[in-house]
Structure formats: C-alpha cells, structure tokens
Amino acid sequence: METLTGVVAVTLSPNTLYLIRMIDQNHLEVIDHEDNPLISDVNGVLTIQLPEKYTKYDGWFALEVSTISGNIVYLDSVVSTRPYVDAQAAVDYMKGKINLEQALEYEHVARQLINSIVGYEFIFTRKDIHVVGNGSDFATTDDRINKVFSVRENNVVVWEDGGDFFYKPWVNLYGVVRDAGFNTDNRMEHSITWYNRYDSPQFKFGWDYVFDVEAGWPVIPNDIRLVTLLLINDIACGNNRYFNKYIESWRTSGQSIYYMPEVIGGTGNLYVDNILSKYVLGSIRPKVL
C-alpha cells in the first residue's frame, strides 16, 4: 500500500476499536498506539494518520492492526514516499495521453526501475547509522549524510547538536567527520607538526559508533525527474518493448540486427541509462587487492 498524504485507510468491521502498531523499516523504530486505540466508522473504515515527522521524511512501515483482545486482523506494508515526479506533471508532459491513475501507476514502475539501476532509493529519512571505528578521524557510511544530530560512542552519548564543536558530513557526504575548528578536518592525514602531533583518531578502531542523522535526498534531483518522465513515456507508448535504441549495427541484406550488451542490463533507454550512470553508487570502502 502506498500513501502520498500520510493517511492510510483500512476497511474492517464497523464501529470497532483497534490497536495500531507500526514498525519503520528504515530504522526499525516501533510505533505503538496501545494507549490510544482507534475506532472504525459506520462503514468499517479505519483511518490511520502516520506520525508527524513523516510530513518531512519518507517512511516504509510494517502496519499491524489488531483487536483489543490482541487478534491481528490486518497486516501489510505501507510506503509513504515522495514520487520522483508529480502525477499531474506526468499527465502534462504526456499532453493528456494518460490520466492521473495511469500516471501514478507508471511513475511507481519507473521509480522501481530507476532504483534497481542505481542501487538505492532517492528517499529522505532521519535514522540511526551504526559504524565500527576505523582508527581514523572520519567514518564512512553507505548513506548520503545531510546533517548529524548526535553521536554515541560505545553506547554513550558523546556529542549532541549545539555543542562546542560539531560533526558534519564528510566531503563526499558518504561519511561523518568531526570539525573542531581551524585545520582539524582529516587531521590524522596531515603531516605531523607541533600543533597536531598528539592528536588521536576520532573514531577509534573497533569501537562502536551510532550517528543520529538526516540521510538521503531532501529534494529529488532534476535529472531523476527527467529520467522518470522519459520512462513514463516509454511505458505509456510501449517503447519499452523495443530496444532498437541499443542497436550496434545491422545488415539490411540479411535483416540482421546486432544489439549492445547493455540492452539486457539497463532500462531499455540509452538516454536514461547514461543519465543514471552518474548516480550509481560505487563502494568507497577499502578493498583487499
């Protein structure tokens, strides 16, 4: 189930009290409503409002609805994420060749296809990220970091937003570094001089660190919006059935066509794949050669 409004409606028995339990799949936070059961209306519709923070952040939930006695009557996944392109914008782009319902369906398919190519989703979340210290003054992450709210070291809070110094995203955003003033970034990698020879690594080797962060994409990149529209056009017009845009060569005499290898490994649209190529996330972790 997908919601764009932050509200989920489930049809069950009318005029009945239900308990709601949600598990956020982005960071496994459990949201219980044991002390605040909800009641369905005369038509059996139970309206569930997602937590307020998901008016800003994307969410993916396991939704569980049970009776007061504890019997589970509904269990499903709920996705509350921004579309990569607005449905009305897709209708306008297609000049009315599709309606709003089709635009929603095609955008969803295009979004999943884009995610499968780049290897991640363009979502925006607040979450805890667990990292093991690497004996350096920066910690790499698999998530794109926008802001750091707090840092826990071996389960002890050692910093919160507003302190004397601060932690910030690393230079490529896929990591966290401490900034304590002039010339302190990557201090372990500087030549040893009188002012930093006694510095120790910020993230001690083997120690456990938990970062409370904003991660992901606050806005959908324009490139991704364009790619989504191109794919919606392909889906709506049936172009995805024809991969002639990947033709490498052909012979008219024998009617032989030779395709590029990418024809079975991409989206089927060479323009789209070229745009997406810069968003494919390569690993920045050390490898054993």
# chains A, B, ... in the order shown; residues from 1 in each chain; ligands from 1
>>> residues_around(residues="stretch 70-76 of chain A", least_positions_apart="4", cutoff="12 Å", atoms="only C-alpha atoms", output="list of chain:residue names")
A:Met1, A:Glu2, A:Val8, A:Ala9, A:Val10, A:Thr11, A:Leu12, A:Ser13, A:Thr16, A:Leu17, A:Tyr18, A:Leu19, A:Ile20, A:Arg21, A:Met22, A:Ile23, A:Glu34, A:Pro37, A:Leu46, A:Trp60, A:Phe61, A:Ala62, A:Leu63, A:Glu64, A:Val65, A:Ser66
>>> select_by_dssp(residues="stretch 47-136 of chain A", states="helix (DSSP H, G or I)", output="PyMOL selection string")
chain A and resi 52-55+87-93+100-118
>>> closest_residue(among="A:Gly216, A:Gly163, A:Pro51, A:Gly119", to="A:Ile145", atoms="only C-alpha atoms")
A:Gly216
>>> residues_around(residues="stretch 223-228 of chain A", least_positions_apart="6", cutoff="12 Å", atoms="only C-alpha atoms", output="ChimeraX atom specification")
/A:82-87,89-90,93,103-104,106-115,117-118,121-122,217,234-235,267,269-279
>>> atom_distance(atom1="atom CA of A:Gly133", atom2="atom CA of A:Ala215")
19.4 Å
>>> closest_residue(among="A:Thr3, A:Asn36, A:Asn99, A:Gln25", to="A:Arg126", atoms="only C-alpha atoms")
A:Gln25
>>> closest_residue(among="A:Leu38, A:Val177, A:Val210, A:Cys237", to="A:Thr140", atoms="only C-alpha atoms")
A:Val177
>>> closest_residue(among="A:Trp159, A:Phe165, A:Tyr174, A:Phe211", to="A:Arg144", atoms="only C-alpha atoms")
A:Tyr174
>>> closest_residue(among="A:Asp58, A:Glu160, A:Asp35, A:Asp208", to="A:Ile123", atoms="only C-alpha atoms")
A:Asp58
>>> select_by_dssp(residues="stretch 9-197 of chain A", states="strand (DSSP E)", output="number ranges by chain")
A: 9-11, 17-24, 30-32, 38-39, 45-49, 59-67, 72-80, 124-132, 138-140, 145-153, 156-160, 166-169, 175-179
>>> closest_residue(among="A:Pro221, A:Pro201, A:Gly135, A:Pro14", to="A:Gly44", atoms="only C-alpha atoms")
A:Pro14
>>> residues_around(residues="A:Gly6", least_positions_apart="4", cutoff="9 Å", atoms="only C-alpha atoms", output="compact mmCIF listing (two decimals) with N, CA and C atoms, in the first residue's frame")
# COMPACT_ATOMS: atom_id res chain seq x y z
N ILE A 48 -5.89 5.90 9.62
CA ILE A 48 -4.65 5.92 10.40
C ILE A 48 -3.77 7.05 9.89
N GLN A 49 -3.41 7.96 10.79
CA GLN A 49 -2.52 9.07 10.45
C GLN A 49 -1.10 8.69 10.80
N LEU A 50 -0.19 8.79 9.85
CA LEU A 50 1.20 8.48 10.12
C LEU A 50 1.80 9.55 11.04
N PRO A 51 2.87 9.21 11.78
CA PRO A 51 3.49 10.18 12.69
C PRO A 51 3.86 11.48 11.98
N GLU A 52 3.85 12.57 12.73
CA GLU A 52 4.03 13.91 12.16
C GLU A 52 5.36 14.06 11.44
N TYR A 54 6.75 12.29 9.45
CA TYR A 54 6.73 11.80 8.08
C TYR A 54 6.03 12.75 7.12
N THR A 55 5.71 13.96 7.62
CA THR A 55 5.36 15.03 6.69
C THR A 55 6.64 15.61 6.08
N SER A 80 5.31 5.45 2.46
CA SER A 80 4.99 6.87 2.43
C SER A 80 6.23 7.60 1.91
>>> decode(residues="stretch 88-113 of chain A", atoms="N, CA and C atoms", output="PDB file, in the first residue's frame")
ATOM      1  N   GLN A  88       0.430  14.902 -11.817  1.00  0.00           N
ATOM      2  CA  GLN A  88      -0.109  15.901 -12.739  1.00  0.00           C
ATOM      3  C   GLN A  88       0.970  16.380 -13.708  1.00  0.00           C
ATOM      4  N   ALA A  89       2.216  16.481 -13.223  1.00  0.00           N
ATOM      5  CA  ALA A  89       3.316  16.865 -14.115  1.00  0.00           C
ATOM      6  C   ALA A  89       3.514  15.815 -15.198  1.00  0.00           C
ATOM      7  N   ALA A  90       3.326  14.540 -14.846  1.00  0.00           N
ATOM      8  CA  ALA A  90       3.446  13.471 -15.842  1.00  0.00           C
ATOM      9  C   ALA A  90       2.330  13.554 -16.872  1.00  0.00           C
ATOM     10  N   VAL A  91       1.108  13.852 -16.406  1.00  0.00           N
ATOM     11  CA  VAL A  91      -0.024  13.999 -17.336  1.00  0.00           C
ATOM     12  C   VAL A  91       0.234  15.155 -18.295  1.00  0.00           C
ATOM     13  N   ASP A  92       0.732  16.267 -17.761  1.00  0.00           N
ATOM     14  CA  ASP A  92       1.024  17.423 -18.603  1.00  0.00           C
ATOM     15  C   ASP A  92       2.133  17.100 -19.603  1.00  0.00           C
ATOM     16  N   TYR A  93       3.161  16.389 -19.141  1.00  0.00           N
ATOM     17  CA  TYR A  93       4.275  16.025 -20.011  1.00  0.00           C
ATOM     18  C   TYR A  93       3.795  15.150 -21.163  1.00  0.00           C
ATOM     19  N   MET A  94       2.860  14.268 -20.856  1.00  0.00           N
ATOM     20  CA  MET A  94       2.329  13.357 -21.875  1.00  0.00           C
ATOM     21  C   MET A  94       1.201  13.998 -22.675  1.00  0.00           C
ATOM     22  N   LYS A  95       0.937  15.266 -22.420  1.00  0.00           N
ATOM     23  CA  LYS A  95      -0.071  16.038 -23.157  1.00  0.00           C
ATOM     24  C   LYS A  95      -1.445  15.344 -23.145  1.00  0.00           C
ATOM     25  N   GLY A  96      -1.794  14.836 -21.952  1.00  0.00           N
ATOM     26  CA  GLY A  96      -3.117  14.262 -21.785  1.00  0.00           C
ATOM     27  C   GLY A  96      -3.298  12.863 -22.334  1.00  0.00           C
ATOM     28  N   LYS A  97      -2.224  12.202 -22.799  1.00  0.00           N
ATOM     29  CA  LYS A  97      -2.340  10.848 -23.338  1.00  0.00           C
ATOM     30  C   LYS A  97      -2.551   9.815 -22.246  1.00  0.00           C
ATOM     31  N   ILE A  98      -2.270  10.190 -20.992  1.00  0.00           N
ATOM     32  CA  ILE A  98      -2.542   9.321 -19.849  1.00  0.00           C
ATOM     33  C   ILE A  98      -3.320  10.123 -18.817  1.00  0.00           C
ATOM     34  N   ASN A  99      -4.069   9.411 -17.958  1.00  0.00           N
ATOM     35  CA  ASN A  99      -4.802  10.089 -16.891  1.00  0.00           C
ATOM     36  C   ASN A  99      -4.018  10.002 -15.577  1.00  0.00           C
ATOM     37  N   LEU A 100      -4.558  10.586 -14.512  1.00  0.00           N
ATOM     38  CA  LEU A 100      -3.855  10.631 -13.240  1.00  0.00           C
ATOM     39  C   LEU A 100      -3.613   9.238 -12.666  1.00  0.00           C
ATOM     40  N   GLU A 101      -4.594   8.354 -12.809  1.00  0.00           N
ATOM     41  CA  GLU A 101      -4.431   6.996 -12.289  1.00  0.00           C
ATOM     42  C   GLU A 101      -3.298   6.272 -13.013  1.00  0.00           C
ATOM     43  N   GLN A 102      -3.241   6.415 -14.322  1.00  0.00           N
ATOM     44  CA  GLN A 102      -2.156   5.795 -15.078  1.00  0.00           C
ATOM     45  C   GLN A 102      -0.813   6.432 -14.727  1.00  0.00           C
ATOM     46  N   ALA A 103      -0.814   7.746 -14.533  1.00  0.00           N
ATOM     47  CA  ALA A 103       0.429   8.440 -14.184  1.00  0.00           C
ATOM     48  C   ALA A 103       0.993   7.915 -12.866  1.00  0.00           C
ATOM     49  N   LEU A 104       0.134   7.688 -11.884  1.00  0.00           N
ATOM     50  CA  LEU A 104       0.575   7.140 -10.601  1.00  0.00           C
ATOM     51  C   LEU A 104       1.174   5.750 -10.776  1.00  0.00           C
ATOM     52  N   GLU A 105       0.511   4.933 -11.584  1.00  0.00           N
ATOM     53  CA  GLU A 105       0.990   3.565 -11.821  1.00  0.00           C
ATOM     54  C   GLU A 105       2.325   3.576 -12.561  1.00  0.00           C
ATOM     55  N   TYR A 106       2.433   4.366 -13.616  1.00  0.00           N
ATOM     56  CA  TYR A 106       3.644   4.387 -14.422  1.00  0.00           C
ATOM     57  C   TYR A 106       4.812   4.992 -13.642  1.00  0.00           C
ATOM     58  N   GLU A 107       4.523   6.002 -12.818  1.00  0.00           N
ATOM     59  CA  GLU A 107       5.587   6.600 -12.015  1.00  0.00           C
ATOM     60  C   GLU A 107       6.143   5.581 -11.032  1.00  0.00           C
ATOM     61  N   HIS A 108       5.265   4.796 -10.442  1.00  0.00           N
ATOM     62  CA  HIS A 108       5.704   3.774  -9.493  1.00  0.00           C
ATOM     63  C   HIS A 108       6.620   2.763 -10.181  1.00  0.00           C
ATOM     64  N   VAL A 109       6.240   2.316 -11.374  1.00  0.00           N
ATOM     65  CA  VAL A 109       7.067   1.358 -12.116  1.00  0.00           C
ATOM     66  C   VAL A 109       8.402   1.994 -12.491  1.00  0.00           C
ATOM     67  N   ALA A 110       8.361   3.238 -12.990  1.00  0.00           N
ATOM     68  CA  ALA A 110       9.588   3.929 -13.374  1.00  0.00           C
ATOM     69  C   ALA A 110      10.509   4.105 -12.173  1.00  0.00           C
ATOM     70  N   ARG A 111       9.928   4.441 -11.023  1.00  0.00           N
ATOM     71  CA  ARG A 111      10.726   4.649  -9.810  1.00  0.00           C
ATOM     72  C   ARG A 111      11.457   3.372  -9.401  1.00  0.00           C
ATOM     73  N   GLN A 112      10.745   2.248  -9.432  1.00  0.00           N
ATOM     74  CA  GLN A 112      11.377   0.980  -9.053  1.00  0.00           C
ATOM     75  C   GLN A 112      12.474   0.596 -10.037  1.00  0.00           C
ATOM     76  N   LEU A 113      12.267   0.891 -11.302  1.00  0.00           N
ATOM     77  CA  LEU A 113      13.281   0.591 -12.313  1.00  0.00           C
ATOM     78  C   LEU A 113      14.531   1.438 -12.086  1.00  0.00           C
TER      79      LEU A 113
END
